[in-house]
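Just below is one structure, and these are the notes that go with it.
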Amino acid sequence: MNILASVNKIFELTNNYDLRFHEISSEPLAKYSLSLKKLEYKVFNLDEGDILLNDFLTHLRKFRYILSASPLPFSAHIDQFNEKDLHRLSRQCQLMYPGLKEDIDTVLMFYDKLRTSPEKPVLEYLRKSFRDKISTGLVLKTASDLNAVEEALKRTFITNNIFSVVTPSRLKKELFFDRLIILGPTYWYPDYIFHCPRSQTIENIYYDWQLYRAPRMEYFTKSEFKVSTLHQGCKINVNKLTGSTSPEIIEISDQIIDYKNVEKSLSAKSVLITPECVNAKLVGLTDAKGILFEDHSLKNIWTISLQADEQVSKCSVNELDTDCYLLIRTSTGRDYIQIKADEFLGIKAAKIRQRHSAWKKRLRNYTSKYHPDKICRYLRRHGGIRANETNLRNWASDDNIKPREYNDFLALMMLLKLEDHAKKLWKEADDLFRAHQRAGTVIRNLLIQEIKKSNLSKLELEQKMTFSLPDAENATFTAYKIEYISKSVYQVHPHQLRELIDLYNLGGQ
């Protein structure tokens, strides 16, 4: 189907489609969720920021989120959570906060029942309610193991497996189904799933204790006059459970980490400012991980975008967004781009890097000692044509090899009292730059090859995937879903940059 035909079909569907909400129930999960909500409320009233207590709550929240977002039996997730660690944390919290002992025991009682429970409310509801042979897309927010979900669907519908697991991003493409089933509350999902329906029937399944919220149904949202499909072509039907007591409603966020606490903790861990310190921003990643990137305008961060024409690209920290996946070097001690660049430079690589590092260090000493305006005025007086605060910060960074113009480089060398060596250092910087460009092209092509061979729906659901580069021993990149980008800037030492951080150790609990 071409783009025009696809747009035409979407327009037809927005004028006549059904949106049906289905409540399902699980008494053990409802009791666990309510007991956790009560514990969270008591902790909030204590106004405590204790790391152990918050760590304990984060594990419990993640368990609730994973179970409520998965069609698998509850016991299928038993290996994702370390029972010993959780019970150790609970004992420590009970000793520190005796007033919470009873509430913690209650939560753990329900937790222990759920983690070994074979109950599978979603699969049972699917089996009971959708026995026809209609082509169906099952839309999931997350899945810790996509293969396990697909196998469970095959076993549940042995004679007639009409389900395809679909990720939200695939519904931006030319993909249509006779029916869509969305698991989880609507606020977990992007608006376009409802604004631009890919099926004449959309079924939304959620637990009776989860907050029900009809999506804001606005079509052509950038036009002058907004058209509400609620009144145009969408027929809404809510199938509530009957014969049971209405549970207390709980809103579950799909963001487990508390990034306000993370930033607060990062600010509290202020380092002793030295000439080597740089400005950095925190990027929060899935799996309770984070990473610090130097705050500059250089495009030196590898990302994957599932929607872009160029899926693998480089951008600066200020161009990152939460729709991207960050590619981080893993399983090798050195930056693989640097390794490849050194191969291209040959035997002179070590000496070039040594001299290059020396003048960079001297420049950072100057930038820490003198105000940027004063340095920039000096550079402009000595022929610098692009000397400003932003460029000065870039030139001092190890992420940037050299200024674009020789006039700027010569002005820097005059500032550093290295003008007698300027031509040689410029030639070496240019060789280094070209080697890095060549290495980057090679690695990008290798990554593209691996990504094309991979199931990116698996990446979107599991939010993490490792790619091994061919012909590169021990060189792997891991893609992590970006969850958060800090607006605040922090002073950190260079060795803290580009290293994965466990956010549990930064108060993200």
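Each chain in the structure tokens gets a letter, A, B, ..., in the order shown, and its residues are numbered from 1; ligands are numbered from 1 in order too.
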
- Message: Run DSSP on the backbone and tell me which residues of region 247-489 of chain A come out as helix (DSSP H, G or I); list them as JSON, numbers by chain.
- Response: {"A": [259, 260, 261, 262, 263, 264, 265, 266, 267, 268, 317, 318, 319, 336, 337, 338, 339, 340, 341, 342, 343, 344, 345, 346, 347, 348, 349, 350, 351, 352, 353, 354, 355, 356, 357, 358, 359, 360, 361, 362, 363, 364, 365, 366, 367, 368, 369, 372, 373, 374, 375, 376, 377, 378, 379, 380, 381, 389, 390, 391, 392, 393, 394, 395, 396, 406, 407, 408, 409, 410, 411, 412, 413, 414, 415, 419, 420, 421, 422, 423, 424, 425, 426, 427, 428, 429, 430, 431, 432, 433, 434, 435, 436, 437, 438, 439, 440, 441, 442, 443, 444, 445, 446, 447, 448, 449, 450, 451, 452, 456, 457, 458, 459, 460, 461, 462]}

- Query: Any idea what's packed within 7 Å of region 350-367 of chain A, counting only C-alpha atoms, ignoring anything in its chain fewer than 5 positions away? Could you give it as JSON, numbers by chain?
  - Reply: {"A": [275, 276, 372, 396, 416, 428]}

Grab the residues selected above and save them as an mmCIF file, in the first residue's frame with N, CA and C atoms.
```cif
data_model
loop_
_atom_site.group_PDB
_atom_site.id
_atom_site.type_symbol
_atom_site.label_atom_id
_atom_site.label_comp_id
_atom_site.auth_asym_id
_atom_site.auth_seq_id
_atom_site.Cartn_x
_atom_site.Cartn_y
_atom_site.Cartn_z
ATOM 1 N N PRO A 275 40.701 22.177 37.194
ATOM 2 C CA PRO A 275 40.762 22.595 35.782
ATOM 3 C C PRO A 275 40.267 21.522 34.812
ATOM 4 N N GLU A 276 40.321 20.259 35.229
ATOM 5 C CA GLU A 276 39.910 19.177 34.348
ATOM 6 C C GLU A 276 38.399 19.007 34.283
ATOM 7 N N PRO A 372 35.690 33.024 30.064
ATOM 8 C CA PRO A 372 35.637 32.764 28.611
ATOM 9 C C PRO A 372 35.686 34.032 27.764
ATOM 10 N N ALA A 396 38.043 22.930 23.807
ATOM 11 C CA ALA A 396 38.717 22.407 24.991
ATOM 12 C C ALA A 396 38.314 20.971 25.310
ATOM 13 N N LEU A 416 48.425 29.429 24.127
ATOM 14 C CA LEU A 416 49.096 28.377 24.901
ATOM 15 C C LEU A 416 50.620 28.439 24.813
ATOM 16 N N GLU A 428 49.015 17.146 12.649
ATOM 17 C CA GLU A 428 48.683 15.946 13.420
ATOM 18 C C GLU A 428 47.194 15.921 13.790
#
```

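Among the candidates A:Leu19, A:Leu140, A:Leu67, A:Leu89, the residue lying nearest to Ile202 (chain A) is A:Leu19 (atoms considered: only C-alpha atoms).
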
- Task: Find the residues around Pro28 (chain A) up to 10 Å (only C-alpha atoms counted), leave out those fewer than 3 positions away in its own chain, and share them as a list in words.
- Result: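 Answer for this query is Ser25, Lys31, Tyr32, Ser33, Leu34, Phe110, Tyr111, Lys113, Leu114, Ser117 and Glu119 of chain A.
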
Could you pull the residues within 10 Å of Leu241 (chain A), counting only C-alpha atoms, minus those fewer than 6 positions along the same chain, as an mmCIF file with N, CA, C and O atoms, in the first residue's frame?
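Saved file result-v5.cif follows:
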```cif
data_model
loop_
_atom_site.group_PDB
_atom_site.id
_atom_site.type_symbol
_atom_site.label_atom_id
_atom_site.label_comp_id
_atom_site.auth_asym_id
_atom_site.auth_seq_id
_atom_site.Cartn_x
_atom_site.Cartn_y
_atom_site.Cartn_z
ATOM 1 N N HIS A 22 -12.199 -2.877 27.993
ATOM 2 C CA HIS A 22 -12.533 -4.122 28.694
ATOM 3 C C HIS A 22 -11.787 -4.184 30.022
ATOM 4 O O HIS A 22 -10.553 -4.115 30.056
ATOM 5 N N GLU A 23 -12.516 -4.318 31.111
ATOM 6 C CA GLU A 23 -11.896 -4.517 32.417
ATOM 7 C C GLU A 23 -11.646 -5.999 32.653
ATOM 8 O O GLU A 23 -12.503 -6.837 32.350
ATOM 9 N N ILE A 24 -10.469 -6.318 33.161
ATOM 10 C CA ILE A 24 -10.190 -7.672 33.620
ATOM 11 C C ILE A 24 -9.767 -7.580 35.083
ATOM 12 O O ILE A 24 -9.450 -6.492 35.574
ATOM 13 N N SER A 25 -9.770 -8.701 35.765
ATOM 14 C CA SER A 25 -9.468 -8.645 37.193
ATOM 15 C C SER A 25 -8.477 -9.733 37.601
ATOM 16 O O SER A 25 -8.371 -10.773 36.962
ATOM 17 N N TYR A 207 -6.669 -3.617 33.771
ATOM 18 C CA TYR A 207 -7.163 -4.165 35.032
ATOM 19 C C TYR A 207 -8.152 -3.196 35.681
ATOM 20 O O TYR A 207 -8.041 -1.970 35.539
ATOM 21 N N ASP A 208 -9.110 -3.764 36.418
ATOM 22 C CA ASP A 208 -10.189 -2.959 36.987
ATOM 23 C C ASP A 208 -9.706 -1.973 38.043
ATOM 24 O O ASP A 208 -10.403 -1.018 38.377
#
```
